[in-house]
Number of protein chains: 2
Amino acid sequence: MSLDTVLTRIDTNMPEALERLKELLRIASISTDPAYKADCDKAADWLVRDLNSMGIAAEKRPTPGHPMVVAHAEGPGPHLLFYGHYDVQPVDPLELWHNDPFDPQVEETEKGPVIRGRGTSDDKGQLMTFLEACRAWIAEEGQLPCRMTFFFEGEEESGSPSLAPFMKANAEELRADLALICDTSLFESRVPGIEIMLRGMLQEEITVTGPRIDLHSGIYGGAAINPVRVLAKIIASLHDDQGRITVPDFYAGVEELPEAVRAQWEALDFDAAAFLGDVGLSHPAGEQDRTALEMIWSRPTCEVNGIKGGYAGAGFKTVLPSKASAKISFRLVGKQDPQAIQANFRKMVRAMLPPDCTAEFTCHGAGVAFNLGKTDARFEKALKALTEEWQVPAAYTGSGGSIPIAGHFRDILGTTPMLIGFSKDDDGLHSPNEKYDVESFHKGARSWARILAALTRD
Amino acid sequence: MSLDTVLTRIDTNMPEALERLKELLRIASISTDPAYKADCDKAADWLVRDLNSMGIAAEKRPTPGHPMVVAHAEGPGPHLLFYGHYDVQPVDPLELWHNDPFDPQVEETEKGPVIRGRGTSDDKGQLMTFLEACRAWIAEEGQLPCRMTFFFEGEEESGSPSLAPFMKANAEELRADLALICDTSLFESRVPGIEIMLRGMLQEEITVTGPRIDLHSGIYGGAAINPVRVLAKIIASLHDDQGRITVPDFYAGVEELPEAVRAQWEALDFDAAAFLGDVGLSHPAGEQDRTALEMIWSRPTCEVNGIKGGYAGAGFKTVLPSKASAKISFRLVGKQDPQAIQANFRKMVRAMLPPDCTAEFTCHGAGVAFNLGKTDARFEKALKALTEEWQVPAAYTGSGGSIPIAGHFRDILGTTPMLIGFSKDDDGLHSPNEKYDVESFHKGARSWARILAALTRD
């Protein structure tokens, strides 16, 4: 076989590949909002049809939440698995989008063409890089160079509640020699790599209730407790002046970076000023005795992802609200225990409640951090393939994001995960006007073709 | 003339009076939200038609905001003015209403019949008590017992921006011997009275901006400043542990209660436990060295009326938001200066901003407190009329609410305002399921008929 003919096929197929991606992007598969349940189903159906169009048998498999898509293709050589997710984040604040988030268009920008819309980068554009590589391979060679399992979920943006149970129930079917996952970024938007360190996550929602009903702030203001003030005080107390998180025992299990990794990261020459400057910031805002790269890759965080209470519409309403709520997430590292942190966080909050206030908690997801530890020859081969495609030395990296599936592959299936992705820092993941560079899409597909070749040849 | 025949006419007219009130209540005249501009206009037109139906010439008068309604009726005796407002508060959270807020219905309750819907108590039901008294008077006597000006505004719930300019521009037309205002409550839902002390108000909206765009909390979390956390810290710092407000010089102009008033208030035997217990509370949450009645009548406050930032919908979104905002109101007393407090508040907030954060402020209204100081024989006559109608000794009271028009009448027109109202503590003003007791509506109309008689007879 010739890898070159596959790469050329990817090049010539690019216009049709972008049209296919747009079809998938037009489906509003927002997993966290029950209003979009039918759309999630539709996205799963679309993937089944797309796999079928390559001659691959695929199935939509039910879960208590959104369905999985599982497909198997026979082939020579090792058994690889590819994972991606077809669900997307919500789109609000909608008014900040310049165009309909679900009417994707290719746009010319100063940095080259991009495709813009919800899910372009996270993760529909990324998962389609792999399918386009497979499509080109099958078109040129009649079959894939290895036995391949495709595994797509539709709940990644809402905590993947069905994922671990499904993997446990179908472990024999899903176990492979290596799991390829495409849901990560290029380092500094230019260096391809394999992520070997990911943060874990604990997602807590807290609702503080004071008065039984909303009150008139003139009649009751002064005498009635205000739950927004109580919640603000709780949030304000979660960090000390040095940016350290104050939840008791929070840092239990947090490990210092090994010297070798620290040295490698220093060699990466991370441009913190540019990283922050891209989004209008200049000052690393985390623990003041840590570097910016540590803040985002190897240190835990506590963030408020959303808050609401009272009247927040146009104009003014002098209400004294009954309730206020916040969504708070913790990014975890090392051996931090989400359950222990949840218990300590809730205990700390309850201890801060003044008379007449109650707090309710909802957990929206919890997962430990992932640290691959050591790599093997396959990782070296993949790095070499990435270096050849991008003409930049590929690197092992860390990531501040949380991809619980990486740990699940290792712990449930005993399958080593290899995380490779092509997003750029300005893609606006989870933000209005999300985009994916056509370069990421195109070179991403070519990268996978090269990696498939590298992993299946001795 | 016979007051009794007027009172009897009010009694027999009650069914039609409730139907008229329902008509006005069906108009969604939410003044703070520009989407309801046409409805505000419609409510003004309805009042013009209703006054016309009594043979009173009335006009809708334009302002830069929602229109005023002004009407004049000739008559013997002194020149009185009546003020009310036809606009209402927004209705969210809509899901907490048991019925459509703009489809008012009379309901039987344990405490007697009520009419339920937005504006029933604040202020459409109250203003109609006066119009029903006038209607009965004209029906029985052919004319009112005095020269009467009617003055209705449609911006009371959004800070009355057009009111003072309109009063200044039309001072000659509006000046009267006494201004009657119906937008207040019965003391403890049973004692009628005249409010002689009202708090002022400063309404500030603050928006804190950190990153230029919403960010992925995995990629940026730890290194990027979070504006919700910054805003929470600002809000948490606005009160000290004893409930005192920490804005510099905030208490300048706050006066201690005169001993005579304090003694009168103690005699009122205010049941703080019942007042708070009605709304599920037990602990007066304001300045810890003050009584509950002081907290709501004679002490200033700082409350958060609304807050928003990030994703607050169903599920969870790991966004690190670009912006967070809060609506904060100060209730003012004595000689507190809204402009000075605004300047000190904004300066304090700006001093708390960490690097990379900015704050924008919008003022939604500012007005000084009102304190009538001393009363005259007309007040005594009105108290006597109220005592006769309610069979409970009527009293002079204070109020935590802010009715800027009271000060405007005195300061712009030189007309003494007399504030009398019939709301009850459980009416749910500004809350879901607002109601007005049919007793308030009926005895309110009868009270005005008695007061008109008392004020126009020697």
# chains A, B, ... in the order shown; residues from 1 in each chain; ligands from 1
>>> calpha_fit_and_write(fixed="chain A", moving="chain B", output="short mmCIF file (atom, residue, chain, number, x, y, z; two decimals) with C-alpha atoms, in the first residue's frame")
data_model
loop_
_atom_site.label_atom_id
_atom_site.label_comp_id
_atom_site.auth_asym_id
_atom_site.auth_seq_id
_atom_site.Cartn_x
_atom_site.Cartn_y
_atom_site.Cartn_z
CA MET B 1 -0.07 -0.16 0.15
CA SER B 2 0.91 3.41 -0.28
CA LEU B 3 0.28 5.96 2.48
CA ASP B 4 0.75 8.67 -0.12
CA THR B 5 -2.30 7.62 -2.12
CA VAL B 6 -4.40 7.70 1.07
CA LEU B 7 -3.09 11.19 1.90
CA THR B 8 -3.84 12.38 -1.63
CA ARG B 9 -7.35 10.93 -1.41
CA ILE B 10 -7.87 12.93 1.84
CA ASP B 11 -6.70 16.08 0.04
CA THR B 12 -9.02 15.66 -2.92
CA ASN B 13 -11.97 14.63 -0.70
CA MET B 14 -11.73 17.79 1.45
CA PRO B 15 -14.68 19.68 -0.12
CA GLU B 16 -17.05 16.71 0.37
CA ALA B 17 -15.59 16.10 3.85
CA LEU B 18 -16.48 19.66 4.87
CA GLU B 19 -20.03 19.19 3.57
CA ARG B 20 -20.35 15.99 5.63
CA LEU B 21 -19.09 17.80 8.72
CA LYS B 22 -21.62 20.60 8.17
CA GLU B 23 -24.44 18.05 8.05
CA LEU B 24 -23.44 16.71 11.47
CA LEU B 25 -22.96 20.24 12.86
CA ARG B 26 -26.49 21.26 11.86
CA ILE B 27 -27.87 18.81 14.43
CA ALA B 28 -28.26 20.68 17.76
CA SER B 29 -27.12 17.78 19.94
CA ILE B 30 -26.88 19.69 23.27
CA SER B 31 -26.71 16.86 25.77
CA THR B 32 -27.16 18.76 29.03
CA ASP B 33 -30.55 20.23 28.12
CA PRO B 34 -33.44 17.74 27.97
CA ALA B 35 -35.11 19.91 25.30
CA TYR B 36 -32.53 18.59 22.80
CA LYS B 37 -32.94 14.89 23.45
CA ALA B 38 -34.31 14.19 19.96
CA ASP B 39 -31.36 16.06 18.41
CA CYS B 40 -28.88 13.88 20.28
CA ASP B 41 -30.65 10.85 18.92
CA LYS B 42 -30.50 12.33 15.43
CA ALA B 43 -26.72 12.89 15.68
CA ALA B 44 -26.25 9.24 16.69
CA ASP B 45 -28.33 8.13 13.69
CA TRP B 46 -26.22 10.33 11.42
CA LEU B 47 -23.02 8.61 12.62
CA VAL B 48 -24.54 5.16 12.06
CA ARG B 49 -25.44 6.14 8.50
CA ASP B 50 -21.99 7.63 7.85
CA LEU B 51 -20.24 4.46 9.07
CA ASN B 52 -22.63 2.35 6.98
CA SER B 53 -21.72 4.42 3.92
CA MET B 54 -18.12 3.17 4.33
CA GLY B 55 -19.37 -0.41 4.51
CA ILE B 56 -18.97 -0.62 8.28
CA ALA B 57 -21.74 -2.23 10.34
CA ALA B 58 -22.74 0.23 13.08
CA GLU B 59 -25.37 0.29 15.79
CA LYS B 60 -27.07 2.88 17.95
CA ARG B 61 -27.08 1.40 21.44
CA PRO B 62 -29.49 2.64 24.12
CA THR B 63 -28.43 3.93 27.55
CA PRO B 64 -30.49 5.55 30.32
CA GLY B 65 -29.37 8.85 28.75
CA HIS B 66 -28.33 9.55 25.18
CA PRO B 67 -27.37 6.59 22.97
CA MET B 68 -23.90 5.25 22.20
CA VAL B 69 -22.80 4.41 18.67
CA VAL B 70 -20.67 1.27 18.37
CA ALA B 71 -19.22 -0.10 15.13
CA HIS B 72 -16.71 -2.82 14.25
CA ALA B 73 -14.58 -3.21 11.12
CA GLU B 74 -12.51 -6.33 10.59
CA GLY B 75 -8.95 -5.98 9.41
CA PRO B 76 -5.41 -7.30 9.80
CA GLY B 77 -3.05 -6.34 12.58
CA PRO B 78 -3.79 -4.99 16.05
CA HIS B 79 -7.23 -4.10 17.40
CA LEU B 80 -7.58 -0.32 17.79
CA LEU B 81 -10.53 1.58 19.18
CA PHE B 82 -11.45 5.16 18.33
CA TYR B 83 -13.50 7.34 20.69
CA GLY B 84 -15.20 10.71 20.12
CA HIS B 85 -18.37 12.43 21.32
CA TYR B 86 -21.22 13.70 19.15
CA ASP B 87 -22.83 15.93 21.81
CA VAL B 88 -22.08 19.64 22.19
CA GLN B 89 -22.25 22.41 24.78
CA PRO B 90 -25.24 24.77 25.10
CA VAL B 91 -25.00 27.93 23.01
CA ASP B 92 -26.01 30.72 25.39
CA PRO B 93 -25.37 33.59 25.54
CA LEU B 94 -26.90 33.29 22.08
CA GLU B 95 -26.78 37.05 21.49
CA LEU B 96 -22.97 36.91 21.34
CA TRP B 97 -22.96 34.59 18.31
CA HIS B 98 -22.50 36.43 15.03
CA ASN B 99 -24.33 33.64 13.18
CA ASP B 100 -26.67 30.78 13.95
CA PRO B 101 -24.52 28.28 15.94
CA PHE B 102 -26.20 25.42 14.09
CA ASP B 103 -25.82 26.82 10.57
CA PRO B 104 -22.07 26.20 10.12
CA GLN B 105 -20.17 28.10 7.46
CA VAL B 106 -16.60 28.16 6.21
CA GLU B 107 -15.16 31.65 6.70
CA GLU B 108 -11.92 33.22 5.54
CA THR B 109 -9.94 34.78 8.41
CA GLU B 110 -6.54 36.42 8.75
CA LYS B 111 -5.15 33.11 9.95
CA GLY B 112 -6.76 31.09 7.16
CA PRO B 113 -10.12 29.44 6.57
CA VAL B 114 -12.17 28.21 9.54
CA ILE B 115 -15.47 26.42 9.93
CA ARG B 116 -17.63 28.15 12.52
CA GLY B 117 -20.48 26.78 14.66
CA ARG B 118 -21.21 24.91 17.89
CA GLY B 119 -19.27 21.63 18.03
CA THR B 120 -16.90 22.43 15.17
CA SER B 121 -13.91 21.95 17.46
CA ASP B 122 -15.49 20.13 20.41
CA ASP B 123 -15.86 17.45 19.22
CA LYS B 124 -17.63 16.90 15.89
CA GLY B 125 -14.85 18.39 13.75
CA GLN B 126 -12.25 16.37 15.62
CA LEU B 127 -14.08 13.04 15.47
CA MET B 128 -14.66 13.52 11.75
CA THR B 129 -10.89 13.82 11.17
CA PHE B 130 -10.66 10.14 12.07
CA LEU B 131 -13.67 9.08 10.01
CA GLU B 132 -12.28 10.93 6.97
CA ALA B 133 -8.93 9.17 7.40
CA CYS B 134 -10.74 5.80 7.52
CA ARG B 135 -12.92 6.70 4.52
CA ALA B 136 -9.85 7.53 2.42
CA TRP B 137 -8.07 4.38 3.58
CA ILE B 138 -10.99 2.11 2.66
CA ALA B 139 -11.42 3.88 -0.70
CA GLU B 140 -7.78 3.27 -1.63
CA GLU B 141 -7.12 -0.07 0.03
CA GLY B 142 -10.53 -1.75 0.26
CA GLN B 143 -10.21 -2.17 4.03
CA LEU B 144 -8.62 -0.61 7.11
CA PRO B 145 -5.04 -1.66 8.04
CA CYS B 146 -6.23 -3.10 11.35
CA ARG B 147 -9.23 -4.41 13.22
CA MET B 148 -11.10 -1.27 14.31
CA THR B 149 -13.83 -0.48 16.84
CA PHE B 150 -15.61 2.88 16.70
CA PHE B 151 -17.17 4.13 19.93
CA PHE B 152 -19.08 7.44 20.12
CA GLU B 153 -20.93 8.83 23.10
CA GLY B 154 -23.46 11.66 23.43
CA GLU B 155 -23.07 12.70 27.05
CA GLU B 156 -19.49 13.99 27.28
CA GLU B 157 -20.59 17.58 27.81
CA SER B 158 -22.94 16.57 30.61
CA GLY B 159 -20.64 14.43 32.74
CA SER B 160 -20.85 11.10 30.83
CA PRO B 161 -23.22 9.44 33.33
CA SER B 162 -23.85 6.38 31.13
CA LEU B 163 -20.29 5.86 29.97
CA ALA B 164 -18.72 3.80 32.74
CA PRO B 165 -21.77 1.54 33.19
CA PHE B 166 -21.88 0.95 29.41
CA MET B 167 -18.15 0.18 29.25
CA LYS B 168 -18.46 -2.24 32.16
CA ALA B 169 -21.47 -3.99 30.61
CA ASN B 170 -19.72 -4.26 27.22
CA ALA B 171 -16.12 -4.65 28.29
CA GLU B 172 -15.42 -7.75 26.18
CA GLU B 173 -16.71 -6.05 23.05
CA LEU B 174 -14.86 -2.78 23.60
CA ARG B 175 -11.50 -3.98 24.91
CA ALA B 176 -8.73 -3.24 22.38
CA ASP B 177 -4.95 -3.03 22.15
CA LEU B 178 -4.97 0.76 22.16
CA ALA B 179 -7.65 3.44 22.38
CA LEU B 180 -7.31 6.52 20.19
CA ILE B 181 -9.14 9.60 21.53
CA CYS B 182 -9.50 12.82 19.57
CA ASP B 183 -10.76 15.54 21.93
CA THR B 184 -7.62 17.56 22.75
CA SER B 185 -5.57 20.47 21.42
CA LEU B 186 -2.36 21.35 19.68
CA PHE B 187 0.09 22.83 22.19
CA GLU B 188 0.10 26.60 21.65
CA SER B 189 -1.97 26.05 18.50
CA ARG B 190 1.04 24.70 16.59
CA VAL B 191 2.77 21.76 18.31
CA PRO B 192 1.08 18.36 17.85
CA GLY B 193 1.36 16.00 20.77
CA ILE B 194 -0.03 13.28 22.98
CA GLU B 195 -1.58 14.31 26.27
CA ILE B 196 -0.43 12.11 29.08
CA MET B 197 -1.81 14.11 32.03
CA LEU B 198 -5.42 15.28 32.43
CA ARG B 199 -7.24 16.88 35.33
CA GLY B 200 -10.19 15.21 37.02
CA MET B 201 -13.41 17.00 37.85
CA LEU B 202 -16.07 17.42 40.48
CA GLN B 203 -19.19 19.36 39.42
CA GLU B 204 -21.41 20.60 42.22
CA GLU B 205 -24.54 22.70 42.05
CA ILE B 206 -25.57 24.45 45.23
CA THR B 207 -28.88 26.17 45.92
CA VAL B 208 -29.24 28.34 49.01
CA THR B 209 -32.78 29.04 50.21
CA GLY B 210 -33.66 31.79 52.68
CA PRO B 211 -37.24 33.12 52.74
CA ARG B 212 -40.02 30.75 51.64
CA ILE B 213 -40.97 33.11 48.79
CA ASP B 214 -39.49 36.07 46.93
CA LEU B 215 -40.02 39.19 49.05
CA HIS B 216 -40.37 42.93 48.49
CA SER B 217 -37.00 44.36 49.50
CA GLY B 218 -38.68 47.47 50.89
CA ILE B 219 -41.01 45.62 53.21
CA TYR B 220 -38.57 42.90 54.32
CA GLY B 221 -35.19 44.37 53.42
CA GLY B 222 -33.01 44.59 56.51
CA ALA B 223 -34.83 41.95 58.53
CA ALA B 224 -34.89 39.04 56.08
CA ILE B 225 -31.80 37.05 55.16
CA ASN B 226 -30.79 37.37 51.49
CA PRO B 227 -29.60 34.07 49.94
CA VAL B 228 -27.56 35.86 47.25
CA ARG B 229 -25.49 37.47 49.98
CA VAL B 230 -25.08 34.11 51.73
CA LEU B 231 -24.00 32.44 48.49
CA ALA B 232 -21.60 35.29 47.68
CA LYS B 233 -19.96 34.88 51.07
CA ILE B 234 -19.58 31.12 50.52
CA ILE B 235 -18.02 31.65 47.08
CA ALA B 236 -15.74 34.41 48.38
CA SER B 237 -14.45 32.06 51.08
CA LEU B 238 -13.44 29.25 48.69
CA HIS B 239 -10.03 30.82 47.95
CA ASP B 240 -7.58 32.59 50.21
CA ASP B 241 -5.67 35.74 49.29
CA GLN B 242 -2.91 33.70 47.67
CA GLY B 243 -5.32 31.83 45.39
CA ARG B 244 -5.24 28.59 47.40
CA ILE B 245 -8.48 26.68 47.78
CA THR B 246 -9.75 26.61 51.35
CA VAL B 247 -11.89 23.45 51.34
CA PRO B 248 -10.46 21.35 54.23
CA ASP B 249 -7.99 18.65 53.11
CA PHE B 250 -8.44 19.79 49.50
CA TYR B 251 -4.76 19.35 48.63
CA ALA B 252 -4.56 15.76 49.93
CA GLY B 253 -3.30 13.67 46.99
CA VAL B 254 -1.91 16.61 45.03
CA GLU B 255 1.59 15.66 43.91
CA GLU B 256 4.51 17.91 43.12
CA LEU B 257 5.61 17.72 39.50
CA PRO B 258 8.49 15.25 38.97
CA GLU B 259 11.71 17.10 38.15
CA ALA B 260 11.95 15.44 34.71
CA VAL B 261 8.50 16.63 33.69
CA ARG B 262 9.14 20.09 35.09
CA ALA B 263 12.30 20.29 32.98
CA GLN B 264 10.43 19.13 29.86
CA TRP B 265 7.71 21.74 30.45
CA GLU B 266 10.28 24.47 30.89
CA ALA B 267 11.76 23.41 27.54
CA LEU B 268 8.34 23.90 25.92
CA ASP B 269 8.91 27.63 26.40
CA PHE B 270 5.22 28.27 27.13
CA ASP B 271 4.30 31.87 26.38
CA ALA B 272 1.97 32.67 29.29
CA ALA B 273 1.68 36.31 28.24
CA ALA B 274 0.43 35.33 24.78
CA PHE B 275 -1.86 32.61 26.18
CA LEU B 276 -3.56 35.08 28.51
CA GLY B 277 -3.23 38.02 26.14
CA ASP B 278 -5.34 36.17 23.54
CA VAL B 279 -8.32 36.46 25.88
CA GLY B 280 -7.65 39.97 27.16
CA LEU B 281 -5.78 39.04 30.34
CA SER B 282 -2.26 39.64 31.60
CA HIS B 283 -2.04 38.29 35.13
CA PRO B 284 -2.01 34.55 36.02
CA ALA B 285 -4.79 34.51 38.62
CA GLY B 286 -4.26 31.17 40.37
CA GLU B 287 -1.96 30.14 43.20
CA GLN B 288 0.56 32.95 43.30
CA ASP B 289 3.58 30.68 43.92
CA ARG B 290 2.96 28.60 40.75
CA THR B 291 3.75 29.13 37.07
CA ALA B 292 0.89 29.66 34.63
CA LEU B 293 1.53 26.23 33.07
CA GLU B 294 1.27 24.57 36.46
CA MET B 295 -1.97 26.48 37.13
CA ILE B 296 -3.62 25.01 34.06
CA TRP B 297 -1.97 21.56 33.82
CA SER B 298 -0.87 20.24 37.19
CA ARG B 299 -2.67 22.21 39.91
CA PRO B 300 -6.28 21.77 41.03
CA THR B 301 -8.85 24.56 40.70
CA CYS B 302 -12.21 25.66 42.00
CA GLU B 303 -14.30 27.76 39.62
CA VAL B 304 -17.80 29.17 39.54
CA ASN B 305 -19.26 28.23 36.15
CA GLY B 306 -22.61 29.92 36.70
CA ILE B 307 -24.62 31.83 39.25
CA LYS B 308 -28.18 33.08 39.43
CA GLY B 309 -30.57 34.59 41.92
CA GLY B 310 -33.34 37.18 41.95
CA TYR B 311 -34.13 39.36 38.97
CA ALA B 312 -31.37 39.63 36.39
CA GLY B 313 -33.34 40.84 33.36
CA ALA B 314 -33.56 44.31 31.84
CA GLY B 315 -34.20 47.17 34.23
CA PHE B 316 -34.45 46.67 37.97
CA LYS B 317 -36.72 44.78 40.34
CA THR B 318 -36.47 45.37 44.08
CA VAL B 319 -36.98 41.75 44.98
CA LEU B 320 -35.38 40.01 47.91
CA PRO B 321 -35.05 36.53 46.42
CA SER B 322 -35.97 33.27 48.09
CA LYS B 323 -33.20 31.30 46.37
CA ALA B 324 -29.76 31.70 44.84
CA SER B 325 -27.74 29.00 43.14
CA ALA B 326 -24.30 28.43 41.68
CA LYS B 327 -22.58 25.79 39.60
CA ILE B 328 -19.13 25.16 41.02
CA SER B 329 -16.53 22.86 39.50
CA PHE B 330 -13.27 21.56 40.87
CA ARG B 331 -10.51 20.41 38.51
CA LEU B 332 -8.55 17.68 40.25
CA VAL B 333 -5.01 16.37 39.89
CA GLY B 334 -2.82 13.55 41.16
CA LYS B 335 -4.66 11.30 43.60
CA GLN B 336 -7.28 13.82 44.76
CA ASP B 337 -10.47 11.97 45.74
CA PRO B 338 -13.65 13.56 44.30
CA GLN B 339 -15.88 11.91 46.94
CA ALA B 340 -13.79 13.16 49.86
CA ILE B 341 -13.66 16.66 48.37
CA GLN B 342 -17.39 16.65 47.78
CA ALA B 343 -18.03 15.70 51.41
CA ASN B 344 -15.62 18.34 52.74
CA PHE B 345 -17.01 21.01 50.44
CA ARG B 346 -20.60 20.34 51.46
CA LYS B 347 -19.67 20.25 55.14
CA MET B 348 -17.81 23.56 54.82
CA VAL B 349 -20.77 25.19 53.06
CA ARG B 350 -23.28 23.93 55.62
CA ALA B 351 -21.11 25.26 58.45
CA MET B 352 -21.24 28.73 56.85
CA LEU B 353 -25.03 28.89 56.59
CA PRO B 354 -26.60 31.51 58.84
CA PRO B 355 -29.87 30.82 60.71
CA ASP B 356 -32.94 30.31 58.48
CA CYS B 357 -30.88 29.25 55.44
CA THR B 358 -30.66 25.81 53.91
CA ALA B 359 -28.47 24.46 51.13
CA GLU B 360 -29.26 21.75 48.60
CA PHE B 361 -26.56 20.09 46.53
CA THR B 362 -26.65 18.30 43.20
CA CYS B 363 -23.61 16.51 41.80
CA HIS B 364 -23.31 16.80 38.02
CA GLY B 365 -20.28 14.57 37.67
CA ALA B 366 -17.12 13.40 39.41
CA GLY B 367 -13.95 11.82 38.07
CA VAL B 368 -10.38 11.36 39.19
CA ALA B 369 -7.40 12.85 37.38
CA PHE B 370 -5.55 10.84 34.74
CA ASN B 371 -1.81 10.48 34.56
CA LEU B 372 -0.48 7.97 32.07
CA GLY B 373 2.76 7.55 33.97
CA LYS B 374 4.87 5.92 31.25
CA THR B 375 4.60 5.49 27.52
CA ASP B 376 5.75 2.79 25.07
CA ALA B 377 7.03 2.32 21.52
CA ARG B 378 3.58 2.90 20.01
CA PHE B 379 3.56 6.41 21.48
CA GLU B 380 6.94 7.10 19.93
CA LYS B 381 5.65 5.92 16.53
CA ALA B 382 2.62 8.20 16.80
CA LEU B 383 4.80 11.15 17.80
CA LYS B 384 6.98 10.51 14.76
CA ALA B 385 3.94 10.41 12.45
CA LEU B 386 2.67 13.70 13.92
CA THR B 387 6.08 15.30 13.49
CA GLU B 388 6.11 14.26 9.80
CA GLU B 389 2.67 15.72 9.13
CA TRP B 390 3.07 19.02 11.01
CA GLN B 391 6.80 19.54 10.38
CA VAL B 392 7.15 20.54 14.05
CA PRO B 393 8.61 18.20 16.72
CA ALA B 394 5.65 16.57 18.46
CA ALA B 395 5.64 16.47 22.30
CA TYR B 396 4.10 14.83 25.37
CA THR B 397 1.89 17.39 27.10
CA GLY B 398 -0.50 17.89 30.00
CA SER B 399 -3.97 19.39 29.89
CA GLY B 400 -6.19 21.29 32.26
CA GLY B 401 -9.31 19.75 30.77
CA SER B 402 -11.00 16.64 32.06
CA ILE B 403 -11.61 13.66 29.80
CA PRO B 404 -12.89 11.01 32.20
CA ILE B 405 -12.96 8.42 29.43
CA ALA B 406 -9.16 8.29 29.44
CA GLY B 407 -9.22 6.87 32.95
CA HIS B 408 -12.15 4.59 32.14
CA PHE B 409 -10.28 2.94 29.25
CA ARG B 410 -7.37 2.16 31.48
CA ASP B 411 -9.36 1.19 34.58
CA ILE B 412 -12.42 -0.56 33.13
CA LEU B 413 -11.06 -2.08 29.91
CA GLY B 414 -7.36 -2.27 30.66
CA THR B 415 -6.79 -0.49 27.34
CA THR B 416 -4.14 2.23 27.17
CA PRO B 417 -5.59 5.52 25.87
CA MET B 418 -3.68 7.74 23.45
CA LEU B 419 -5.01 11.31 23.35
CA ILE B 420 -4.29 13.24 20.18
CA GLY B 421 -6.17 16.32 19.01
CA PHE B 422 -5.92 19.31 16.73
CA SER B 423 -7.90 22.15 18.38
CA LYS B 424 -6.31 25.57 18.64
CA ASP B 425 -6.32 27.94 21.60
CA ASP B 426 -8.60 30.45 19.90
CA ASP B 427 -11.21 27.87 18.85
CA GLY B 428 -13.63 29.16 21.51
CA LEU B 429 -14.56 25.76 22.90
CA HIS B 430 -17.72 26.13 25.04
CA SER B 431 -17.89 29.81 23.96
CA PRO B 432 -19.91 31.76 21.43
CA ASN B 433 -18.57 31.64 17.85
CA GLU B 434 -16.72 28.34 18.32
CA LYS B 435 -14.64 27.44 15.25
CA TYR B 436 -12.25 24.79 13.94
CA ASP B 437 -9.50 25.67 11.53
CA VAL B 438 -9.77 23.97 8.16
CA GLU B 439 -6.05 23.31 8.66
CA SER B 440 -6.85 21.34 11.85
CA PHE B 441 -9.51 19.37 10.01
CA HIS B 442 -7.37 18.63 6.98
CA LYS B 443 -4.03 17.94 8.69
CA GLY B 444 -5.92 16.13 11.44
CA ALA B 445 -7.31 13.62 8.96
CA ARG B 446 -3.86 13.25 7.36
CA SER B 447 -2.32 12.78 10.83
CA TRP B 448 -4.64 9.87 11.59
CA ALA B 449 -3.86 8.25 8.25
CA ARG B 450 -0.14 8.46 9.09
CA ILE B 451 -0.71 7.18 12.65
CA LEU B 452 -2.76 4.20 11.38
CA ALA B 453 0.08 3.38 9.05
CA ALA B 454 2.70 3.79 11.78
CA LEU B 455 0.83 1.65 14.32
CA THR B 456 0.09 -1.22 11.93
CA ARG B 457 3.49 -1.60 10.35
CA ASP B 458 6.41 -3.13 12.16
#
>>> select_by_dssp(residues="segment 27-125 of chain B", states="strand (DSSP E or B)", output="number ranges by chain")
B: 30, 57-61, 68-73, 79-85, 88, 105-109, 112-116
>>> write_last_selection(atoms="C-alpha atoms", output="CSV table (one decimal), in the first residue's frame")
chain,number,residue,atom,x,y,z
B,30,ILE,CA,-44.5,45.9,32.9
B,57,ALA,CA,-62.0,64.9,31.0
B,58,ALA,CA,-58.7,63.0,31.0
B,59,GLU,CA,-55.6,63.0,28.8
B,60,LYS,CA,-52.7,60.7,28.1
B,61,ARG,CA,-49.6,62.9,28.2
B,68,MET,CA,-48.7,60.0,32.3
B,69,VAL,CA,-52.5,60.2,32.7
B,70,VAL,CA,-53.7,63.6,33.9
B,71,ALA,CA,-57.4,64.5,34.6
B,72,HIS,CA,-59.2,67.4,36.2
B,73,ALA,CA,-62.7,67.5,37.8
B,79,HIS,CA,-58.1,71.2,45.5
B,80,LEU,CA,-57.0,67.6,46.1
B,81,LEU,CA,-54.7,65.5,43.9
B,82,PHE,CA,-54.7,61.7,43.7
B,83,TYR,CA,-51.7,59.7,42.6
B,84,GLY,CA,-51.3,56.1,41.6
B,85,HIS,CA,-49.2,54.1,39.2
B,88,VAL,CA,-46.4,46.6,37.4
B,105,GLN,CA,-59.4,35.7,39.2
B,106,VAL,CA,-61.2,36.0,42.5
B,107,GLU,CA,-60.3,33.1,44.7
B,108,GLU,CA,-61.8,32.0,48.1
B,109,THR,CA,-59.1,31.5,50.7
B,112,GLY,CA,-61.5,35.4,52.8
B,113,PRO,CA,-61.8,36.2,49.1
B,114,VAL,CA,-58.8,37.6,47.2
B,115,ILE,CA,-58.1,38.8,43.7
B,116,ARG,CA,-54.9,37.2,42.3
